[in-house]
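Colleague: Pasting my_file_17.txt here (compact mmCIF, C-alpha atoms):
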# COMPACT_ATOMS: atom_id res chain seq x y z
CA MET F 3 135.70 91.24 -184.35
CA ILE F 4 137.51 93.20 -181.66
CA ARG F 5 135.91 96.36 -180.50
CA ARG F 6 138.21 99.08 -179.52
CA ARG F 7 137.25 101.21 -176.58
CA LEU F 8 138.28 104.79 -176.55
CA TYR F 9 139.43 106.04 -173.18
CA VAL F 10 139.69 109.77 -172.73
CA GLU F 11 141.92 110.60 -169.82
CA GLU F 12 140.65 113.60 -167.95
CA ARG F 13 143.25 116.14 -167.08
CA VAL F 14 143.98 116.91 -163.46
CA SER F 15 144.03 120.54 -162.38
CA ARG F 16 147.56 121.64 -161.59
CA LEU F 17 146.20 124.08 -159.05
CA ALA F 18 144.54 121.18 -157.24
CA VAL F 19 147.79 119.24 -157.13
CA TRP F 20 149.91 122.12 -155.92
CA SER F 21 147.35 123.38 -153.43
CA LEU F 22 147.47 120.02 -151.66
CA ARG F 23 151.27 119.88 -151.79
CA THR F 24 151.47 123.39 -150.37
CA ALA F 25 149.04 122.60 -147.55
CA VAL F 26 150.97 119.44 -146.66
CA PHE F 27 154.20 121.46 -146.59
CA ALA F 28 152.63 124.04 -144.27
CA LEU F 29 151.76 121.36 -141.70
CA PRO F 30 155.29 120.47 -140.47
CA VAL F 31 156.41 124.11 -140.59
CA THR F 32 153.60 125.13 -138.24
CA LEU F 33 153.93 122.10 -135.97
CA ILE F 34 157.71 122.47 -135.67
CA GLY F 35 157.37 126.07 -134.50
CA LEU F 36 154.68 125.12 -131.99
CA ALA F 37 156.60 122.08 -130.74
CA LEU F 38 159.82 124.05 -130.20
CA TYR F 39 157.82 126.62 -128.26
CA LEU F 40 156.15 124.02 -126.07
CA VAL F 41 159.50 122.47 -125.12
CA GLU F 42 160.84 126.01 -124.59
CA ALA F 43 163.55 125.65 -127.22
CA LEU F 44 162.34 128.90 -128.82
CA ASP F 45 161.13 132.09 -127.22
CA PHE F 46 157.67 133.40 -128.01
CA ARG F 47 158.79 135.80 -130.73
CA SER F 48 160.90 133.26 -132.65
CA ALA F 49 158.24 130.56 -132.36
CA ALA F 50 155.53 133.01 -133.44
CA TYR F 51 157.50 133.87 -136.59
CA THR F 52 157.87 130.16 -137.40
CA VAL F 53 154.20 129.41 -136.80
CA MET F 54 153.11 132.46 -138.80
CA ALA F 55 155.32 131.33 -141.68
CA GLY F 56 153.49 128.01 -141.67
CA VAL F 57 150.12 129.73 -141.46
CA ALA F 58 151.06 132.02 -144.36
CA VAL F 59 151.89 128.97 -146.47
CA ALA F 60 148.55 127.43 -145.41
CA ALA F 61 146.76 130.62 -146.47
CA LEU F 62 148.47 130.41 -149.85
CA ALA F 63 147.35 126.78 -150.14
CA LEU F 64 143.77 127.84 -149.35
CA LEU F 65 143.83 130.50 -152.07
CA MET F 66 145.22 127.98 -154.54
CA ALA F 67 142.51 125.51 -153.55
CA LEU F 68 139.79 128.11 -154.15
CA ALA F 69 141.27 129.00 -157.52
CA GLY F 70 141.57 125.30 -158.35
CA PHE F 71 137.91 124.77 -157.50
CA VAL F 72 136.90 127.53 -159.92
CA VAL F 73 139.03 126.02 -162.70
CA ILE F 74 137.65 122.53 -162.06
CA TRP F 75 134.09 123.87 -162.10
CA ASN F 76 134.58 125.81 -165.33
CA GLU F 77 136.73 123.34 -167.29
CA GLY F 78 135.57 120.01 -165.91
CA LEU F 79 139.02 118.91 -164.78
CA ARG F 80 139.79 116.31 -162.13
CA GLY F 81 141.17 117.14 -158.72
CA LEU F 82 138.16 118.03 -156.59
CA GLY F 83 139.32 115.69 -153.82
CA ARG F 84 142.74 117.34 -153.74
CA VAL F 85 141.16 120.77 -153.59
CA LEU F 86 138.88 119.82 -150.71
CA GLY F 87 141.75 118.14 -148.85
CA ALA F 88 144.00 121.17 -149.27
CA ALA F 89 141.27 123.53 -148.09
CA ALA F 90 140.47 121.38 -145.06
CA LEU F 91 144.12 121.06 -144.01
CA ALA F 92 144.74 124.78 -144.52
CA LEU F 93 141.72 125.69 -142.39
CA VAL F 94 142.88 123.33 -139.63
CA LEU F 95 146.12 125.31 -139.46
CA ILE F 96 144.66 128.78 -139.92
CA THR F 97 141.61 128.61 -137.62
CA PRO F 98 143.37 128.19 -134.22
CA VAL F 99 145.84 130.98 -134.98
CA ALA F 100 143.04 133.28 -136.14
CA ALA F 101 141.01 132.47 -133.02
CA LEU F 102 144.00 133.16 -130.76
CA ALA F 103 144.66 136.46 -132.54
CA ALA F 104 141.02 137.46 -132.05
CA PHE F 105 141.17 136.44 -128.38
CA SER F 106 144.29 138.54 -127.77
CA VAL F 107 142.83 141.73 -129.28
CA GLY F 108 142.64 144.32 -126.54
CA LEU F 109 144.85 142.40 -124.10
CA PRO F 110 148.04 144.15 -123.01
CA VAL F 111 151.42 142.80 -124.05
CA MET F 112 152.57 141.92 -120.53
CA HIS F 113 154.14 138.88 -118.91
CA ASP F 114 154.95 139.96 -115.32
CA ILE F 115 152.09 140.81 -112.95
CA THR F 116 152.49 141.65 -109.27
CA THR F 117 150.30 143.00 -106.47
CA ASP F 118 153.18 145.19 -105.24
CA THR F 119 154.81 147.17 -108.03
CA GLU F 120 157.02 149.18 -105.65
CA ASP F 121 158.46 146.17 -103.80
CA PRO F 122 157.62 143.07 -105.87
CA PRO F 123 158.01 139.67 -104.19
CA GLN F 124 161.40 138.26 -105.12
CA PHE F 125 162.20 134.85 -106.56
CA VAL F 126 164.94 133.06 -104.63
CA THR F 127 165.00 129.34 -105.39
CA LEU F 128 163.41 129.69 -108.83
CA ALA F 129 166.07 132.23 -109.75
CA MET F 130 168.56 129.37 -109.67
CA ALA F 131 166.31 126.70 -111.19
CA ARG F 132 165.23 128.34 -114.44
CA GLY F 133 166.86 127.42 -117.74
CA ARG F 134 167.94 129.48 -120.72
CA ASN F 135 165.69 131.47 -123.06
CA THR F 136 163.67 132.76 -120.11
CA ASN F 137 162.33 136.18 -119.25
CA PRO F 138 164.40 138.15 -116.73
CA LEU F 139 163.27 138.06 -113.12
CA ALA F 140 164.12 141.71 -112.51
CA TYR F 141 160.93 143.77 -112.44
CA ALA F 142 160.67 146.25 -115.33
CA GLY F 143 159.92 149.20 -113.04
CA ASP F 144 157.65 152.21 -113.40
CA SER F 145 156.72 151.62 -117.04
CA ALA F 146 155.45 148.10 -116.26
CA ALA F 147 153.71 149.35 -113.11
CA ASP F 148 151.86 152.09 -115.00
CA GLU F 149 150.80 149.68 -117.73
CA GLN F 150 149.56 147.17 -115.17
CA ARG F 151 147.55 149.78 -113.25
CA ILE F 152 145.74 150.69 -116.46
CA ALA F 153 145.15 147.10 -117.59
CA TYR F 154 144.45 145.43 -114.23
CA PRO F 155 143.47 148.01 -111.60
CA GLY F 156 142.05 145.29 -109.33
CA ILE F 157 145.40 143.52 -108.82
CA LYS F 158 146.33 144.68 -105.33
CA PRO F 159 147.70 143.25 -102.05
CA ILE F 160 145.25 141.67 -99.66
CA GLU F 161 145.28 141.91 -95.85
CA PHE F 162 143.80 139.69 -93.15
CA ASP F 163 143.40 139.85 -89.40
CA GLY F 164 144.65 136.28 -89.07
CA LEU F 165 148.10 135.14 -88.03
CA PRO F 166 150.78 134.79 -90.76
CA ASP F 167 151.17 131.05 -90.14
CA ASP F 168 147.44 130.47 -90.54
CA ILE F 169 147.40 132.42 -93.81
CA TYR F 170 150.47 130.52 -94.99
CA THR F 171 148.78 127.18 -94.27
CA ALA F 172 145.64 128.27 -96.12
CA LEU F 173 147.73 129.33 -99.11
CA MET F 174 149.57 126.02 -99.20
CA ARG F 175 146.22 124.23 -99.36
CA LEU F 176 145.09 126.39 -102.28
CA VAL F 177 148.37 125.91 -104.12
CA ALA F 178 147.99 122.14 -103.73
CA HIS F 179 144.37 122.40 -104.91
CA HIS F 180 145.51 124.10 -108.13
CA LYS F 181 148.23 121.45 -108.56
CA TRP F 182 150.99 124.01 -108.86
CA LEU F 183 154.46 122.55 -108.46
CA VAL F 184 155.93 123.92 -105.21
CA ILE F 185 159.64 124.65 -105.61
CA ASP F 186 160.24 126.21 -102.20
CA ALA F 187 158.09 127.01 -99.16
CA VAL F 188 159.29 129.15 -96.25
CA PRO F 189 156.82 129.50 -93.34
CA PRO F 190 156.63 132.83 -91.43
CA ARG F 191 157.40 131.11 -88.11
CA GLY F 192 155.10 133.12 -85.95
CA GLY F 193 155.65 136.31 -87.90
CA ILE F 194 159.38 136.68 -87.21
CA ARG F 195 160.05 136.76 -90.95
CA ASP F 196 158.26 136.94 -94.30
CA GLY F 197 156.78 133.68 -95.48
CA ARG F 198 157.39 132.74 -99.10
CA ILE F 199 155.94 130.18 -101.50
CA GLU F 200 157.57 129.65 -104.87
CA ALA F 201 155.77 127.48 -107.39
CA VAL F 202 155.37 126.75 -111.10
CA ALA F 203 152.00 126.69 -112.86
CA ARG F 204 150.84 125.95 -116.36
CA SER F 205 149.17 128.74 -118.29
CA MET F 206 146.55 128.77 -120.99
CA PRO F 207 146.29 128.54 -123.94
CA PHE F 208 149.61 126.72 -124.54
CA GLY F 209 150.25 125.12 -121.16
CA LEU F 210 153.63 126.78 -120.75
CA ARG F 211 155.27 127.31 -117.38
CA ASP F 212 154.65 130.45 -115.31
CA ASP F 213 156.74 131.17 -112.23
CA ILE F 214 154.92 132.23 -109.07
CA VAL F 215 156.05 133.71 -105.78
CA ILE F 216 153.69 134.49 -102.87
CA ARG F 217 154.85 136.61 -99.95
CA ILE F 218 153.20 136.42 -96.51
CA ARG F 219 154.24 139.47 -94.50
CA PRO F 220 153.32 140.22 -90.85
CA THR F 221 151.72 143.61 -90.21
CA ALA F 222 150.69 145.51 -87.10
CA ASN F 223 147.10 144.33 -87.55
CA GLY F 224 147.57 140.86 -89.03
CA THR F 225 148.98 139.63 -92.33
CA ARG F 226 149.50 141.07 -95.79
CA VAL F 227 149.73 138.79 -98.83
CA ASP F 228 151.43 139.75 -102.09
CA MET F 229 151.78 137.65 -105.20
CA ARG F 230 153.74 137.80 -108.40
CA SER F 231 153.14 135.65 -111.50
CA LEU F 232 155.59 135.77 -114.38
CA SER F 233 155.57 133.97 -117.73
CA ARG F 234 158.81 132.08 -118.12
CA ASN F 235 159.23 132.31 -121.91
CA SER F 236 156.51 134.32 -123.57
CA ASP F 237 156.52 138.11 -123.87
CA ARG F 238 152.72 138.07 -123.44
CA ASP F 239 150.53 136.05 -121.10
CA PHE F 240 147.06 136.52 -122.67
CA GLY F 241 145.83 137.67 -119.25
CA SER F 242 146.64 134.38 -117.50
CA ASN F 243 148.88 135.86 -114.77
CA ALA F 244 146.33 138.45 -113.69
CA ARG F 245 143.55 135.84 -113.71
CA ARG F 246 145.67 133.52 -111.58
CA ILE F 247 146.30 136.18 -108.93
CA ASP F 248 142.69 137.29 -108.91
CA THR F 249 141.43 133.71 -108.58
CA LEU F 250 143.80 132.79 -105.75
CA PHE F 251 143.05 135.93 -103.74
CA SER F 252 139.31 135.44 -104.16
CA GLU F 253 139.62 131.85 -102.94
CA LEU F 254 141.82 132.89 -100.04
CA SER F 255 139.31 135.56 -99.00
CA GLU F 256 136.51 133.03 -99.12
CA ALA F 257 138.54 130.54 -97.09
CA GLN F 258 139.14 133.21 -94.46
CA GLY F 259 135.45 134.04 -94.31
CA ARG F 260 135.67 137.59 -95.55
CA PRO F 261 134.59 139.21 -98.82
CA ARG F 262 137.34 140.48 -101.06
CA ARG F 263 137.36 144.23 -101.51
Take the structure from the file and write it as structure tokens.

Modeller:
Amino acid sequence: MIRRRLYVEERVSRLAVWSLRTAVFALPVTLIGLALYLVEALDFRSAAYTVMAGVAVAALALLMALAGFVVIWNEGLRGLGRVLGAAALALVLITPVAALAAFSVGLPVMHDITTDTEDPPQFVTLAMARGRNTNPLAYAGDSAADEQRIAYPGIKPIEFDGLPDDIYTALMRLVAHHKWLVIDAVPPRGGIRDGRIEAVARSMPFGLRDDIVIRIRPTANGTRVDMRSLSRNSDRDFGSNARRIDTLFSELSEAQGRPRR
């Protein structure tokens, strides 16, 4: 006698299936936007739109996963693994963007910071070395100066009693310490001209390139140092340019044995 076994195939929640498919689709959309930004093929605005599109799809996948979980719980359908996978993948995409958005709240939308807003240090060699899709090197003028004074009142020139060549040498050591890529370096030569250091640094949180120029100018009583730090592609710097200037000037003051005022 042959016994027949009755198999009842449990239905799989459609929401579970489509939530996972949607989350998987959101992954390349988000990564493509981020990758194109990192290689500077897209400017900040275009890349942000692409990444946000991916994050929006991930948010939709998360909502579908939550709805799928409710259906599975109420109707006893299969698909819990798909729901959990979709939710996890969606959160992986959403969390960094949400954290970055929270971090940027209250920060000004600026990308060009200088200690001298009336006569900003000028890029010479970097002006010829930058590629396309970059921010202009021309300073924005009074509007940018007013916004910077409000946001970063402590970003100012710094003066020393030391000789311009000594200050220049100390700055070169600090630039090397920070591993900035020096593009051009013009020593003051005993104060007969302005010294200039042009370099490229990587900024946080994306590691994109920022262009830097430091001016070492002789004065009647010693040496004045000005610095300008400009994001190459992004229309906002998340405070990195101001922090870079503040850090370098504090280190230079310490190296010269005087407190920074």

Colleague: Determine the nearest neighbour of F:Gly70 from the options F:Val19, F:Val215, F:Leu165, F:Ala172, counting all atoms listed in the file.

Modeller: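 Nearest candidate to F:Gly70 out of F:Val19, F:Val215, F:Leu165, F:Ala172: F:Val19.
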
Colleague: Go through F:Ile115, F:Leu250, F:Ile214, F:Leu64 and flag the residue nearest F:Arg23, using all atoms listed in the file for the distances.

Modeller: F:Leu64

Colleague: Considering all atoms listed in the file, can you say which of F:Ile216, F:Ala58, F:Leu29, F:Ala257 comes closest to F:Pro123?

Modeller: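 The shortest atom-to-atom distance to F:Pro123 comes from F:Ile216.
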
Colleague: Ranking F:Pro30, F:Val14, F:Leu95, F:Val188 by minimum distance to F:Glu77 and counting only C-alpha atoms, which one comes first?

Modeller: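 Of F:Pro30, F:Val14, F:Leu95, F:Val188, the one nearest F:Glu77 is F:Val14, counting only C-alpha atoms.
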
Colleague: Near F:Ser48, within 10 Å and counting only C-alpha atoms, which residues show up once chain neighbours fewer than 5 positions away are dropped, as an mmCIF file with C-alpha atoms, keeping the file's coordinate frame?

Modeller:
data_model
loop_
_atom_site.group_PDB
_atom_site.id
_atom_site.type_symbol
_atom_site.label_atom_id
_atom_site.label_comp_id
_atom_site.auth_asym_id
_atom_site.auth_seq_id
_atom_site.Cartn_x
_atom_site.Cartn_y
_atom_site.Cartn_z
ATOM 1 C CA GLY F 35 157.370 126.070 -134.500
ATOM 2 C CA LEU F 38 159.820 124.050 -130.200
ATOM 3 C CA TYR F 39 157.820 126.620 -128.260
ATOM 4 C CA ALA F 43 163.550 125.650 -127.220
ATOM 5 C CA VAL F 53 154.200 129.410 -136.800
ATOM 6 C CA MET F 54 153.110 132.460 -138.800
#

Colleague: Name the residues within 6 Å of (154.1, 132.7, -92.2), counting only C-alpha atoms in the file's coordinates, and put them as a list in words.

Modeller: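 Result, sorted by chain then residue number: Pro166, Asp167, Tyr170, Pro189, Pro190, Arg191, Gly193, Gly197 and Ile218 of chain F.
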
Colleague: Using all atoms listed in the file, which of the listed residues (F:Met174, F:Leu17, F:Val99, F:Phe125) sits closest to F:Ala55?

Modeller: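 The shortest atom-to-atom distance to F:Ala55 comes from F:Val99.
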
Colleague: Show me, as number ranges by chain, the residues that have an atom within 7 Å of stretch 239-248 of chain F when counting all atoms listed in the file, minus same-chain residues fewer than 5 positions from it.

Modeller: F: 106, 109, 112-113, 115, 157, 205-206, 229, 231-233

Colleague: Mind listing as a ChimeraX atom specification all residues within 7 Å of (150.9, 142.7, -110.7), counting only C-alpha atoms?

Modeller: /F:114-119,150,157,230,244

Colleague: So the first atom is atom CA of F:Ala60 and the second is atom CA of F:Ala25; what is the distance between them in Å, to one decimal place?

Modeller: 5.3 Å

Colleague: Could you check which of F:Ala100, F:Pro122, F:Trp20, F:Pro159 is closest to F:Asp144, using only C-alpha atoms?

Modeller: F:Pro122

Colleague: Where's the centre, and what are the edge lengths in Å to one decimal, of a box along x, y and z enclosing all listed atoms of stretch 116-119 of chain F padded 4 Å per side, as lines of an AutoDock Vina configuration file?

Modeller:
center_x = 152.6
center_y = 144.4
center_z = -107.3
size_x = 12.5
size_y = 13.5
size_z = 12.0

Colleague: By how many Å are atom CA of F:Thr127 and atom CA of F:Phe251 apart?

Modeller: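 Atom CA of F:Phe251 lies at a distance of 23.0 Å from atom CA of F:Thr127.
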
Colleague: One decimal, in Å: what's the spacing between atom CA of F:Ala69 and atom CA of F:Ile96?

Modeller: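 These atoms are spaced 17.9 Å apart.
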
Colleague: Which residues are close to F:Arg211, i.e. within 8 Å by all atoms listed in the file, leaving aside same-chain residues fewer than 4 positions away? Reply as a list of chain:residue names.

Modeller: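 The neighbour list is F:Val202, F:Ala203, F:Arg204, F:Ser205, F:Ser233, F:Arg234, F:Asn235.
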
Colleague: List the neighbours of F:Thr221 out to 12 Å using only C-alpha atoms; skip same-chain residues closer than 6 positions along the sequence, and give me the result as a list of chain:residue names.

Modeller: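 Listed by chain and then number, they are F:Ile160, F:Glu161, F:Phe162, F:Asp163, F:Gly164, F:Leu165, F:Pro166, F:Pro190, F:Gly192, F:Gly193, F:Ile194, F:Arg195, F:Asp196, F:Val227.
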
Colleague: Could you model all heavy atoms for stretch 194-205 of chain F and present them as an mmCIF file, keeping the file's coordinate frame?

Modeller:
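Listing of part08.cif after writing:
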data_model
loop_
_atom_site.group_PDB
_atom_site.id
_atom_site.type_symbol
_atom_site.label_atom_id
_atom_site.label_comp_id
_atom_site.auth_asym_id
_atom_site.auth_seq_id
_atom_site.Cartn_x
_atom_site.Cartn_y
_atom_site.Cartn_z
ATOM 1 N N ILE F 194 158.041 136.107 -87.407
ATOM 2 C CA ILE F 194 159.380 136.680 -87.210
ATOM 3 C C ILE F 194 160.070 136.974 -88.537
ATOM 4 O O ILE F 194 161.123 137.621 -88.563
ATOM 5 C CB ILE F 194 160.258 135.736 -86.356
ATOM 6 C CG1 ILE F 194 160.475 134.409 -87.100
ATOM 7 C CG2 ILE F 194 159.647 135.507 -84.984
ATOM 8 C CD1 ILE F 194 161.465 133.490 -86.395
ATOM 9 N N ARG F 195 159.475 136.504 -89.630
ATOM 10 C CA ARG F 195 160.050 136.760 -90.950
ATOM 11 C C ARG F 195 158.933 136.672 -91.989
ATOM 12 O O ARG F 195 157.817 136.215 -91.689
ATOM 13 C CB ARG F 195 161.130 135.736 -91.282
ATOM 14 C CG ARG F 195 160.595 134.312 -91.395
ATOM 15 C CD ARG F 195 161.688 133.317 -91.668
ATOM 16 N NE ARG F 195 161.148 131.955 -91.799
ATOM 17 C CZ ARG F 195 161.894 130.879 -91.916
ATOM 18 N NH1 ARG F 195 163.223 130.975 -91.902
ATOM 19 N NH2 ARG F 195 161.338 129.679 -92.030
ATOM 20 N N ASP F 196 159.222 137.095 -93.205
ATOM 21 C CA ASP F 196 158.260 136.940 -94.300
ATOM 22 C C ASP F 196 158.181 135.480 -94.705
ATOM 23 O O ASP F 196 159.207 134.804 -94.868
ATOM 24 C CB ASP F 196 158.698 137.763 -95.514
ATOM 25 C CG ASP F 196 158.529 139.263 -95.293
ATOM 26 O OD1 ASP F 196 157.907 139.648 -94.288
ATOM 27 O OD2 ASP F 196 159.026 140.033 -96.140
ATOM 28 N N GLY F 197 156.961 134.991 -94.885
ATOM 29 C CA GLY F 197 156.780 133.680 -95.480
ATOM 30 C C GLY F 197 156.866 133.798 -96.995
ATOM 31 O O GLY F 197 156.596 134.862 -97.573
ATOM 32 N N ARG F 198 157.241 132.706 -97.633
ATOM 33 C CA ARG F 198 157.390 132.740 -99.100
ATOM 34 C C ARG F 198 157.041 131.368 -99.675
ATOM 35 O O ARG F 198 157.465 130.335 -99.165
ATOM 36 C CB ARG F 198 158.815 133.099 -99.491
ATOM 37 C CG ARG F 198 159.000 133.331 -100.995
ATOM 38 C CD ARG F 198 160.441 133.645 -101.370
ATOM 39 N NE ARG F 198 161.290 132.451 -101.322
ATOM 40 C CZ ARG F 198 162.168 132.189 -100.393
ATOM 41 N NH1 ARG F 198 162.335 133.036 -99.380
ATOM 42 N NH2 ARG F 198 162.897 131.077 -100.423
ATOM 43 N N ILE F 199 156.263 131.393 -100.751
ATOM 44 C CA ILE F 199 155.940 130.180 -101.500
ATOM 45 C C ILE F 199 156.326 130.421 -102.951
ATOM 46 O O ILE F 199 155.850 131.371 -103.575
ATOM 47 C CB ILE F 199 154.442 129.832 -101.406
ATOM 48 C CG1 ILE F 199 154.011 129.650 -99.949
ATOM 49 C CG2 ILE F 199 154.133 128.569 -102.212
ATOM 50 C CD1 ILE F 199 152.506 129.521 -99.774
ATOM 51 N N GLU F 200 157.194 129.579 -103.455
ATOM 52 C CA GLU F 200 157.570 129.650 -104.870
ATOM 53 C C GLU F 200 157.040 128.399 -105.560
ATOM 54 O O GLU F 200 157.216 127.280 -105.069
ATOM 55 C CB GLU F 200 159.085 129.747 -105.031
ATOM 56 C CG GLU F 200 159.667 131.044 -104.494
ATOM 57 C CD GLU F 200 161.155 131.174 -104.769
ATOM 58 O OE1 GLU F 200 161.540 131.246 -105.947
ATOM 59 O OE2 GLU F 200 161.935 131.184 -103.792
ATOM 60 N N ALA F 201 156.397 128.609 -106.702
ATOM 61 C CA ALA F 201 155.770 127.480 -107.390
ATOM 62 C C ALA F 201 155.784 127.729 -108.898
ATOM 63 O O ALA F 201 156.065 128.840 -109.372
ATOM 64 C CB ALA F 201 154.343 127.282 -106.900
ATOM 65 N N VAL F 202 155.453 126.676 -109.633
ATOM 66 C CA VAL F 202 155.370 126.750 -111.100
ATOM 67 C C VAL F 202 153.978 126.269 -111.508
ATOM 68 O O VAL F 202 153.500 125.233 -111.030
ATOM 69 C CB VAL F 202 156.447 125.874 -111.772
ATOM 70 C CG1 VAL F 202 156.304 125.934 -113.291
ATOM 71 C CG2 VAL F 202 157.839 126.330 -111.349
ATOM 72 N N ALA F 203 153.337 127.037 -112.375
ATOM 73 C CA ALA F 203 152.000 126.690 -112.860
ATOM 74 C C ALA F 203 152.016 126.640 -114.374
ATOM 75 O O ALA F 203 152.925 127.156 -115.023
ATOM 76 C CB ALA F 203 150.973 127.706 -112.371
ATOM 77 N N ARG F 204 151.005 126.005 -114.919
ATOM 78 C CA ARG F 204 150.840 125.950 -116.360
ATOM 79 C C ARG F 204 149.780 126.955 -116.785
ATOM 80 O O ARG F 204 148.718 127.052 -116.182
ATOM 81 C CB ARG F 204 150.409 124.543 -116.797
ATOM 82 C CG ARG F 204 151.485 123.481 -116.570
ATOM 83 C CD ARG F 204 152.554 123.563 -117.621
ATOM 84 N NE ARG F 204 153.574 122.521 -117.456
ATOM 85 C CZ ARG F 204 154.540 122.304 -118.331
ATOM 86 N NH1 ARG F 204 154.619 123.046 -119.411
ATOM 87 N NH2 ARG F 204 155.433 121.361 -118.119
ATOM 88 N N SER F 205 150.089 127.696 -117.838
ATOM 89 C CA SER F 205 149.170 128.740 -118.290
ATOM 90 C C SER F 205 148.441 128.315 -119.540
ATOM 91 O O SER F 205 148.888 127.440 -120.279
ATOM 92 C CB SER F 205 149.948 130.036 -118.560
ATOM 93 O OG SER F 205 150.831 129.856 -119.662
#
